[in-house]
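The structure appears below as structure tokens.
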Amino acid sequence: MKPALQISDLDAAYGSVQVLRKAYLTVPAGKVTSLLGANGAGKTTMLRAISNVLVKASGRIELEGESILGMPTDRIVKRGVAHVPDGRGTLAHMTVRENLRLGAYARRDREIDADMERMLGYFPRLKERFHQQAGTLSGGEQQMLAISRALMLRPRLLILDEPSFGLAPKVVREIFDILGAITTESSISVLLVEQNASLALALSDRACLLEMGEVVIEGPAQELRDDDRVRRAYLGT
Amino acid sequence: MEELLHQLSAGFSSGCIYACLALSLVLIYQATGHVNFAQGEMATFATYVASVLLGLGLPYWVAFAGAVAVAFAGGMLVQVVLVRPVQKAPVLSAVAVYIGLLVIFNSVAGWIWGFMSRDFPSPFASWNGIGGSYISGHSLGVLAVTLCVMTAVALFFRLTTVGLAMRAAAVNPLSSSLLGIPVARTLALGWGMAAAVGAVSGILAAPILYLDPNMMGGLLLYGFAGALLGGISNPWGAALGGVLVGLIENLAGAYLVGTELKLLLALALIVGVLLFKPHGLFGLRTVSRV
């Protein structure tokens, strides 16, 4: 089976500031892959290179065997890549319903309403706030909205940029429990950026560690869990 | 009493036109996040197009539709050629472009069609007014058209996916593109729609104001005051604000400040609203969390 995403030789830069050098990564189909590393290591940049926003990239990025490098963002989304950006990207001035509806913008089928119901089933708190402006939601609720909005695309690849950022541990657990349930019951592939390495590795089948814009180690999650560098610097054991 | 009724009815008539213009300002604000100062001149230009089409002997509503279509295409073209390059520039650069547009449209209209006022027909001339001369058939027609356009616009922004995408793309282009929205094309579409609504207001205003290149100049200020008074984030509020401004303008012009200072009144209203009620009377308070 072709991997959901295959990245190799990836350089990425903001203007003249190069952030990623010769980065590589494989996201196996139907599995969760996490991207680990300290602040400024280049995790978010790699995600932006995949969706082709804000950053100039060169190298190879293949989605299910086909190159998507340099493709306009809306066409990448149409191919099934849902990207929850850092800071969640919810549309504060629009209601929960409108946000969810726009998650399915690239879809043209009749099951959008049914999917919306399914999302409200995963996150009942969104149901209570269905007609409220997204800006009035708590941080955790906004993250739930961002994730369910991304799922409204029925994505083949779900990209999550630090879904736990700034949230209370209890809310993080709630979100990760639901993420775990969604990924096991569907064939979706997930690429997860996370500062909390132990949380991410527990959910992942595969992982990649970035330091200063370069890949230090990439492989099955177990391999990273056992790696001394990862243990010392990121797991605290 | 007689005098008061006349002032009220005159205020109501101009208010309906301000409402239509306010609506097009709101539209472009919702679809682009900017206020287009050239909106009035673009509307005047479209009205000249309607006048040319009428001159060719086309039926009124065909000329109307033709001018609105030309305005739509023109609005999109302006966005692609002139506005897109300053999309990411500071707001002041965008404002400079809008003011430049205002001057260009004004001069080009004058250059092609001259600065003499022209008559423009009203399709509602045969309608019966209310109370004899108090509210004319044309005013009622303007009100009816404004209500229709307003309802269509409000429903469009709430219920259609394209409308939702426009609101999203105007405020948050980055997240919108991550949702698969073609942001550049969507913004161009927003400009086209706003120009089309602007054209409607120009064509409706022309029978009262007479068509000349400066027709919409002062009107834009009133339309803007109306949009702010009602709330620039709410199409219904803005339209109602437009009607209110028309009434206030006429009453104050007659009883308070005299006709010479009416335009100042609009300015005072704008400043007052921005100072004391920045979201307007019916505006949606936007909430953002840090």
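FYI, nothing fancy with the structure tokens labels: chains A, B, ... in order, residues from 1 per chain, ligands from 1 as they appear.
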For chain B versus chain A, which residues have an atom no more than 12 Å away, and what is each residue's nearest atom pair and distance in Å rounded to one decimal, using only C-alpha atoms, chain-then-number order, as CSV?
residue,atom,partner,partner_atom,distance
B:Gln30,CA,A:His93,CA,10.9
B:Phe157,CA,A:Glu98,CA,10.4
B:Arg158,CA,A:Glu98,CA,8.3
B:Leu159,CA,A:Glu98,CA,8.9
B:Thr160,CA,A:Arg101,CA,9.9
B:Thr161,CA,A:Tyr105,CA,7.0
B:Val162,CA,A:Tyr105,CA,8.7
B:Gly163,CA,A:Leu102,CA,10.3
B:Leu164,CA,A:Glu98,CA,7.0
B:Ala165,CA,A:Leu102,CA,6.9
B:Met166,CA,A:Leu102,CA,10.6
B:Arg167,CA,A:Met94,CA,8.3
B:Ala168,CA,A:Leu91,CA,6.7
B:Ala169,CA,A:Leu91,CA,9.7
B:Ala170,CA,A:Leu91,CA,10.7
B:Val171,CA,A:Leu91,CA,8.1
B:Asn172,CA,A:Leu91,CA,7.1
B:Pro173,CA,A:Gly89,CA,10.0
B:Leu174,CA,A:Val53,CA,7.6
B:Ser175,CA,A:Gly89,CA,5.2
B:Ser176,CA,A:Gly89,CA,8.5
B:Ser177,CA,A:Asp74,CA,5.8
B:Leu178,CA,A:His83,CA,6.2
B:Leu179,CA,A:Gly103,CA,5.8
B:Gly180,CA,A:Asp74,CA,3.9
B:Ile181,CA,A:Asp74,CA,5.7
B:Pro182,CA,A:Asp74,CA,5.6
B:Val183,CA,A:Asp74,CA,8.4
B:Ala184,CA,A:Asp74,CA,10.6
B:Arg185,CA,A:Asp74,CA,11.0
B:Thr186,CA,A:Asp74,CA,11.7
B:Ser233,CA,A:His93,CA,10.0
B:Leu284,CA,A:His93,CA,8.9
B:Arg285,CA,A:His93,CA,8.8
B:Thr286,CA,A:His93,CA,5.9
B:Val287,CA,A:Gly135,CA,5.3
B:Ser288,CA,A:Gly135,CA,5.1
B:Arg289,CA,A:Gly135,CA,6.2
B:Val290,CA,A:Gly139,CA,9.5
Just write the chosen residues, C-alpha atoms, as a short mmCIF file (atom, residue, chain, number, x, y, z; two decimals), in the first residue's frame.
data_model
loop_
_atom_site.label_atom_id
_atom_site.label_comp_id
_atom_site.auth_asym_id
_atom_site.auth_seq_id
_atom_site.Cartn_x
_atom_site.Cartn_y
_atom_site.Cartn_z
CA GLN B 30 -18.18 41.72 4.46
CA PHE B 157 -24.36 35.48 3.20
CA ARG B 158 -26.10 33.22 5.69
CA LEU B 159 -27.27 30.26 3.67
CA THR B 160 -25.09 29.72 0.63
CA THR B 161 -21.67 28.12 0.78
CA VAL B 162 -20.23 30.78 -1.52
CA GLY B 163 -21.59 33.50 0.77
CA LEU B 164 -20.07 31.84 3.84
CA ALA B 165 -16.79 31.43 1.96
CA MET B 166 -16.78 35.15 1.13
CA ARG B 167 -17.21 36.13 4.76
CA ALA B 168 -14.48 33.71 5.75
CA ALA B 169 -12.03 34.75 3.04
CA ALA B 170 -12.44 38.45 3.83
CA VAL B 171 -11.51 38.09 7.49
CA ASN B 172 -9.20 35.11 7.58
CA PRO B 173 -7.64 34.30 4.20
CA LEU B 174 -5.14 31.82 5.60
CA SER B 175 -7.59 29.52 7.35
CA SER B 176 -9.97 29.91 4.44
CA SER B 177 -7.44 28.57 1.98
CA LEU B 178 -6.78 25.65 4.34
CA LEU B 179 -10.50 24.87 4.04
CA GLY B 180 -10.13 24.64 0.27
CA ILE B 181 -11.59 28.07 -0.48
CA PRO B 182 -9.94 29.67 -3.54
CA VAL B 183 -9.43 32.95 -1.68
CA ALA B 184 -8.37 35.17 -4.58
CA ARG B 185 -11.29 34.13 -6.77
CA THR B 186 -13.74 34.44 -3.88
CA SER B 233 -21.52 44.07 9.85
CA LEU B 284 -22.96 42.29 15.51
CA ARG B 285 -20.36 42.65 18.18
CA THR B 286 -17.38 40.66 17.00
CA VAL B 287 -15.77 38.72 19.76
CA SER B 288 -12.20 37.66 19.67
CA ARG B 289 -10.31 35.71 22.25
CA VAL B 290 -6.62 36.09 22.76
#
* To do: Record the distance separating CA of Ser67 (chain A) and CA of Val27 (chain A), expressed in Å with one decimal.
  => 14.5 Å
* To do: Show which residues sit within 9 Å of region 188-196 of chain A, as a PyMOL selection string. Count only C-alpha atoms, and ignore same-chain residues fewer than 6 positions away.
  => chain A and resi 4-5+27-39+43-44+47+154-165+182+204+234-235
* Residue neighbourhood region 249-262 of chain B, 12 Å, only C-alpha atoms, exclusion window fewer than 2 positions, as a PyMOL selection string -> chain B and resi 3-15+18+218-219+221-223+225-226+241-247+264-269
Mind writing the picked residues with N, CA and C atoms as an mmCIF file, in the first residue's frame?
data_model
loop_
_atom_site.group_PDB
_atom_site.id
_atom_site.type_symbol
_atom_site.label_atom_id
_atom_site.label_comp_id
_atom_site.auth_asym_id
_atom_site.auth_seq_id
_atom_site.Cartn_x
_atom_site.Cartn_y
_atom_site.Cartn_z
ATOM 1 N N GLU B 3 -45.493 71.007 6.261
ATOM 2 C CA GLU B 3 -44.052 71.129 6.021
ATOM 3 C C GLU B 3 -43.311 69.902 6.571
ATOM 4 N N LEU B 4 -43.664 69.515 7.800
ATOM 5 C CA LEU B 4 -43.014 68.373 8.437
ATOM 6 C C LEU B 4 -43.217 67.114 7.607
ATOM 7 N N LEU B 5 -44.465 66.912 7.155
ATOM 8 C CA LEU B 5 -44.746 65.715 6.365
ATOM 9 C C LEU B 5 -43.909 65.689 5.091
ATOM 10 N N HIS B 6 -43.770 66.877 4.472
ATOM 11 C CA HIS B 6 -42.975 66.946 3.254
ATOM 12 C C HIS B 6 -41.514 66.615 3.534
ATOM 13 N N GLN B 7 -41.007 67.150 4.646
ATOM 14 C CA GLN B 7 -39.614 66.861 4.997
ATOM 15 C C GLN B 7 -39.429 65.368 5.261
ATOM 16 N N LEU B 8 -40.403 64.793 5.968
ATOM 17 C CA LEU B 8 -40.317 63.363 6.282
ATOM 18 C C LEU B 8 -40.305 62.535 5.000
ATOM 19 N N SER B 9 -41.195 62.900 4.064
ATOM 20 C CA SER B 9 -41.293 62.093 2.855
ATOM 21 C C SER B 9 -40.047 62.255 1.989
ATOM 22 N N ALA B 10 -39.516 63.489 1.934
ATOM 23 C CA ALA B 10 -38.285 63.697 1.168
ATOM 24 C C ALA B 10 -37.142 62.913 1.806
ATOM 25 N N GLY B 11 -37.099 62.966 3.139
ATOM 26 C CA GLY B 11 -36.056 62.231 3.862
ATOM 27 C C GLY B 11 -36.154 60.756 3.603
ATOM 28 N N PHE B 12 -37.379 60.274 3.569
ATOM 29 C CA PHE B 12 -37.585 58.845 3.349
ATOM 30 C C PHE B 12 -37.106 58.438 1.959
ATOM 31 N N SER B 13 -37.414 59.291 0.947
ATOM 32 C CA SER B 13 -36.999 58.971 -0.420
ATOM 33 C C SER B 13 -35.482 58.896 -0.523
ATOM 34 N N SER B 14 -34.798 59.926 -0.030
ATOM 35 C CA SER B 14 -33.345 59.854 -0.151
ATOM 36 C C SER B 14 -32.796 58.748 0.744
ATOM 37 N N GLY B 15 -33.480 58.520 1.889
ATOM 38 C CA GLY B 15 -33.044 57.450 2.787
ATOM 39 C C GLY B 15 -33.015 56.092 2.098
ATOM 40 N N TYR B 18 -29.868 55.998 0.110
ATOM 41 C CA TYR B 18 -28.717 55.799 0.998
ATOM 42 C C TYR B 18 -28.661 54.344 1.446
ATOM 43 N N GLY B 218 -21.623 63.170 -2.729
ATOM 44 C CA GLY B 218 -22.137 63.420 -1.392
ATOM 45 C C GLY B 218 -22.909 62.231 -0.863
ATOM 46 N N LEU B 219 -23.531 61.527 -1.810
ATOM 47 C CA LEU B 219 -24.357 60.380 -1.447
ATOM 48 C C LEU B 219 -23.559 59.320 -0.704
ATOM 49 N N LEU B 221 -21.137 59.663 1.249
ATOM 50 C CA LEU B 221 -20.934 60.042 2.643
ATOM 51 C C LEU B 221 -22.167 59.677 3.470
ATOM 52 N N TYR B 222 -23.359 59.974 2.900
ATOM 53 C CA TYR B 222 -24.596 59.614 3.603
ATOM 54 C C TYR B 222 -24.747 58.095 3.702
ATOM 55 N N GLY B 223 -24.411 57.419 2.597
ATOM 56 C CA GLY B 223 -24.493 55.964 2.604
ATOM 57 C C GLY B 223 -23.560 55.383 3.657
ATOM 58 N N ALA B 225 -22.454 56.963 6.334
ATOM 59 C CA ALA B 225 -23.016 57.275 7.648
ATOM 60 C C ALA B 225 -24.114 56.281 7.997
ATOM 61 N N GLY B 226 -24.943 55.943 6.991
ATOM 62 C CA GLY B 226 -26.023 54.985 7.225
ATOM 63 C C GLY B 226 -25.481 53.621 7.591
ATOM 64 N N GLY B 241 -30.221 51.954 8.731
ATOM 65 C CA GLY B 241 -29.404 53.125 9.032
ATOM 66 C C GLY B 241 -29.472 54.133 7.900
ATOM 67 N N GLY B 242 -29.455 53.639 6.662
ATOM 68 C CA GLY B 242 -29.540 54.525 5.506
ATOM 69 C C GLY B 242 -30.830 55.334 5.525
ATOM 70 N N VAL B 243 -31.956 54.657 5.793
ATOM 71 C CA VAL B 243 -33.244 55.345 5.851
ATOM 72 C C VAL B 243 -33.236 56.386 6.979
ATOM 73 N N LEU B 244 -32.689 55.984 8.143
ATOM 74 C CA LEU B 244 -32.628 56.911 9.284
ATOM 75 C C LEU B 244 -31.823 58.153 8.935
ATOM 76 N N VAL B 245 -30.679 57.928 8.272
ATOM 77 C CA VAL B 245 -29.844 59.074 7.906
ATOM 78 C C VAL B 245 -30.606 60.006 6.971
ATOM 79 N N GLY B 246 -31.366 59.431 6.026
ATOM 80 C CA GLY B 246 -32.166 60.266 5.127
ATOM 81 C C GLY B 246 -33.138 61.132 5.905
ATOM 82 N N LEU B 247 -33.814 60.548 6.896
ATOM 83 C CA LEU B 247 -34.785 61.295 7.706
ATOM 84 C C LEU B 247 -34.086 62.362 8.541
ATOM 85 N N LEU B 264 -22.158 68.243 6.616
ATOM 86 C CA LEU B 264 -21.396 68.231 7.865
ATOM 87 C C LEU B 264 -22.063 67.323 8.891
ATOM 88 N N LEU B 265 -23.403 67.355 8.826
ATOM 89 C CA LEU B 265 -24.180 66.539 9.747
ATOM 90 C C LEU B 265 -23.842 65.058 9.571
ATOM 91 N N ALA B 266 -23.716 64.657 8.281
ATOM 92 C CA ALA B 266 -23.361 63.271 8.007
ATOM 93 C C ALA B 266 -22.005 62.950 8.612
ATOM 94 N N LEU B 267 -21.060 63.895 8.461
ATOM 95 C CA LEU B 267 -19.729 63.687 9.029
ATOM 96 C C LEU B 267 -19.804 63.569 10.543
ATOM 97 N N ALA B 268 -20.601 64.476 11.156
ATOM 98 C CA ALA B 268 -20.747 64.458 12.604
ATOM 99 C C ALA B 268 -21.332 63.115 13.057
ATOM 100 N N LEU B 269 -22.275 62.629 12.256
ATOM 101 C CA LEU B 269 -22.915 61.356 12.577
ATOM 102 C C LEU B 269 -21.877 60.222 12.546
#
* To do: Could you give me the residues within region 46-154 of chain A that DSSP places in strand (DSSP E), as a list in words?
  =>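 Those residues are Lys56, Ala57, Ser58, Gly59, Arg60, Ile61, Glu62, Leu63, Glu66, Ser67, Val81, Ala82, His83 and Val84 of chain A.
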Write a file of the selected residues as a PDB file, in the first residue's frame, keeping C-alpha atoms.
ATOM      1  CA  LYS A  56       8.455  28.348  -0.086  1.00  0.00           C
ATOM      2  CA  ALA A  57       9.423  24.694  -0.410  1.00  0.00           C
ATOM      3  CA  SER A  58      11.479  22.577  -2.757  1.00  0.00           C
ATOM      4  CA  GLY A  59      12.168  18.860  -2.827  1.00  0.00           C
ATOM      5  CA  ARG A  60       9.569  16.118  -3.032  1.00  0.00           C
ATOM      6  CA  ILE A  61       6.132  15.913  -1.393  1.00  0.00           C
ATOM      7  CA  GLU A  62       3.927  13.091  -2.627  1.00  0.00           C
ATOM      8  CA  LEU A  63       0.355  12.449  -1.563  1.00  0.00           C
ATOM      9  CA  GLU A  66       1.388  11.955  -6.639  1.00  0.00           C
ATOM     10  CA  SER A  67       3.410  15.119  -6.289  1.00  0.00           C
ATOM     11  CA  VAL A  81      -5.671  17.081   2.982  1.00  0.00           C
ATOM     12  CA  ALA A  82      -7.307  18.757   5.996  1.00  0.00           C
ATOM     13  CA  HIS A  83      -4.916  20.963   7.925  1.00  0.00           C
ATOM     14  CA  VAL A  84      -5.729  22.337  11.387  1.00  0.00           C
TER      15      VAL A  84
END
* Asked: Quick one: distance from CA of Ala227 (chain B) to CA of Leu147 (chain B) in Å, one decimal?
  ->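 The value is 15.2 Å.
Near Asp226 (chain A), within 12 Å and counting only C-alpha atoms, sit Ser198, Leu201, Ile217, Gly219, Pro220, Arg232, Tyr234, Leu235 and Thr237 of chain A, not including residues fewer than 6 positions from it in the same chain.
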Include C-alpha atoms and write out the residues we just selected as a short mmCIF file (atom, residue, chain, number, x, y, z; two decimals), in the first residue's frame.
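Writing the result to part_0.cif gives the following:
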data_model
loop_
_atom_site.label_atom_id
_atom_site.label_comp_id
_atom_site.auth_asym_id
_atom_site.auth_seq_id
_atom_site.Cartn_x
_atom_site.Cartn_y
_atom_site.Cartn_z
CA SER A 198 4.81 11.08 25.44
CA LEU A 201 4.01 8.72 20.91
CA ILE A 217 15.45 10.15 13.69
CA GLY A 219 10.80 5.47 12.09
CA PRO A 220 8.27 3.36 14.00
CA ARG A 232 16.54 12.23 27.55
CA TYR A 234 11.64 14.80 25.29
CA LEU A 235 10.30 12.05 27.53
CA THR A 237 13.11 9.35 31.48
#
* Any chance you could list, as an MDAnalysis selection string, the residues in region 53-183 of chain A that come up alpha helix (DSSP H) when DSSP is run on the backbone? => chainID A and resid 73:78 96:103 112:122 124:128 139:151 169:183
File dump, residues just selected, C-alpha atoms, as a PDB file, in the first residue's frame:
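This is the output file selection-v6.pdb:
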ATOM      1  CA  THR A  73      -3.645  25.180  -1.437  1.00  0.00           C
ATOM      2  CA  ASP A  74      -7.289  24.821  -2.423  1.00  0.00           C
ATOM      3  CA  ARG A  75      -6.410  22.004  -4.818  1.00  0.00           C
ATOM      4  CA  ILE A  76      -4.380  20.209  -2.184  1.00  0.00           C
ATOM      5  CA  VAL A  77      -7.414  20.421   0.107  1.00  0.00           C
ATOM      6  CA  LYS A  78      -9.590  19.044  -2.671  1.00  0.00           C
ATOM      7  CA  VAL A  96     -20.164  26.900  14.911  1.00  0.00           C
ATOM      8  CA  ARG A  97     -22.534  25.671  12.218  1.00  0.00           C
ATOM      9  CA  GLU A  98     -21.035  27.967   9.601  1.00  0.00           C
ATOM     10  CA  ASN A  99     -17.526  26.874  10.537  1.00  0.00           C
ATOM     11  CA  LEU A 100     -18.481  23.213  10.187  1.00  0.00           C
ATOM     12  CA  ARG A 101     -20.241  23.851   6.893  1.00  0.00           C
ATOM     13  CA  LEU A 102     -17.137  25.514   5.488  1.00  0.00           C
ATOM     14  CA  GLY A 103     -15.103  22.483   6.525  1.00  0.00           C
ATOM     15  CA  ILE A 112     -22.688  16.919   4.569  1.00  0.00           C
ATOM     16  CA  ASP A 113     -25.564  17.410   7.028  1.00  0.00           C
ATOM     17  CA  ALA A 114     -25.284  13.834   8.217  1.00  0.00           C
ATOM     18  CA  ASP A 115     -21.567  14.312   8.806  1.00  0.00           C
ATOM     19  CA  MET A 116     -22.263  17.456  10.775  1.00  0.00           C
ATOM     20  CA  GLU A 117     -24.544  15.442  13.075  1.00  0.00           C
ATOM     21  CA  ARG A 118     -21.771  12.866  13.462  1.00  0.00           C
ATOM     22  CA  MET A 119     -19.309  15.595  14.536  1.00  0.00           C
ATOM     23  CA  LEU A 120     -21.798  16.897  17.115  1.00  0.00           C
ATOM     24  CA  GLY A 121     -21.976  13.317  18.344  1.00  0.00           C
ATOM     25  CA  TYR A 122     -18.207  13.215  18.856  1.00  0.00           C
ATOM     26  CA  PRO A 124     -21.536  17.212  22.260  1.00  0.00           C
ATOM     27  CA  ARG A 125     -20.312  20.541  23.636  1.00  0.00           C
ATOM     28  CA  LEU A 126     -20.354  21.917  20.091  1.00  0.00           C
ATOM     29  CA  LYS A 127     -24.013  21.015  19.863  1.00  0.00           C
ATOM     30  CA  GLU A 128     -24.849  23.319  22.764  1.00  0.00           C
ATOM     31  CA  GLY A 139     -10.022  27.278  23.911  1.00  0.00           C
ATOM     32  CA  GLY A 140     -10.855  23.603  24.229  1.00  0.00           C
ATOM     33  CA  GLU A 141     -14.154  23.994  22.417  1.00  0.00           C
ATOM     34  CA  GLN A 142     -12.413  25.898  19.634  1.00  0.00           C
ATOM     35  CA  GLN A 143      -9.925  23.070  19.227  1.00  0.00           C
ATOM     36  CA  MET A 144     -12.812  20.597  19.085  1.00  0.00           C
ATOM     37  CA  LEU A 145     -14.433  22.793  16.456  1.00  0.00           C
ATOM     38  CA  ALA A 146     -11.201  23.028  14.466  1.00  0.00           C
ATOM     39  CA  ILE A 147     -10.756  19.251  14.485  1.00  0.00           C
ATOM     40  CA  SER A 148     -14.340  18.454  13.598  1.00  0.00           C
ATOM     41  CA  ARG A 149     -14.306  21.124  10.903  1.00  0.00           C
ATOM     42  CA  ALA A 150     -11.244  19.442   9.390  1.00  0.00           C
ATOM     43  CA  LEU A 151     -13.005  16.066   9.566  1.00  0.00           C
ATOM     44  CA  PRO A 169      -4.755  18.628  30.799  1.00  0.00           C
ATOM     45  CA  LYS A 170      -8.310  17.381  31.259  1.00  0.00           C
ATOM     46  CA  VAL A 171      -9.429  18.907  27.963  1.00  0.00           C
ATOM     47  CA  VAL A 172      -6.311  17.594  26.204  1.00  0.00           C
ATOM     48  CA  ARG A 173      -7.139  14.075  27.395  1.00  0.00           C
ATOM     49  CA  GLU A 174     -10.721  14.445  26.205  1.00  0.00           C
ATOM     50  CA  ILE A 175      -9.590  15.591  22.753  1.00  0.00           C
ATOM     51  CA  PHE A 176      -6.947  12.876  22.404  1.00  0.00           C
ATOM     52  CA  ASP A 177      -9.395  10.164  23.497  1.00  0.00           C
ATOM     53  CA  ILE A 178     -11.756  11.186  20.728  1.00  0.00           C
ATOM     54  CA  LEU A 179      -8.894  11.492  18.236  1.00  0.00           C
ATOM     55  CA  GLY A 180      -7.823   7.961  19.143  1.00  0.00           C
ATOM     56  CA  ALA A 181     -11.360   6.682  18.640  1.00  0.00           C
ATOM     57  CA  ILE A 182     -11.756   8.425  15.287  1.00  0.00           C
ATOM     58  CA  THR A 183      -8.431   7.152  13.942  1.00  0.00           C
TER      59      THR A 183
END
* To do: Go ahead and compute the interatomic distance for CA of Leu263 (chain B) and CA of Leu220 (chain B), in Å to one decimal.
  => 10.7 Å
* **Polymer residues at most 6 Å from region 121-125 of chain B, only C-alpha atoms, same-chain spacing of 4 or more positions, as number ranges by chain** => B: 137-138, 141, 207
* To do: Tell me which protein, DNA and RNA residues are within 12 Å of Leu27 (chain B), counting only C-alpha atoms, leaving out same-chain ones fewer than 6 positions away, and put them as a PyMOL selection string.
  => chain B and resi 20-21+33-36+39+149-150+152-154+156-157+163+166-167+170+187+189-198+227+232-236+238-239
* May I ask which of the residues A:Gly236, A:Leu209, A:Ala13, A:Ser8 is the closest one to Glu223 (chain A), counting only C-alpha atoms? =>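 Smallest distance to Glu223 (chain A) is found for A:Leu209.
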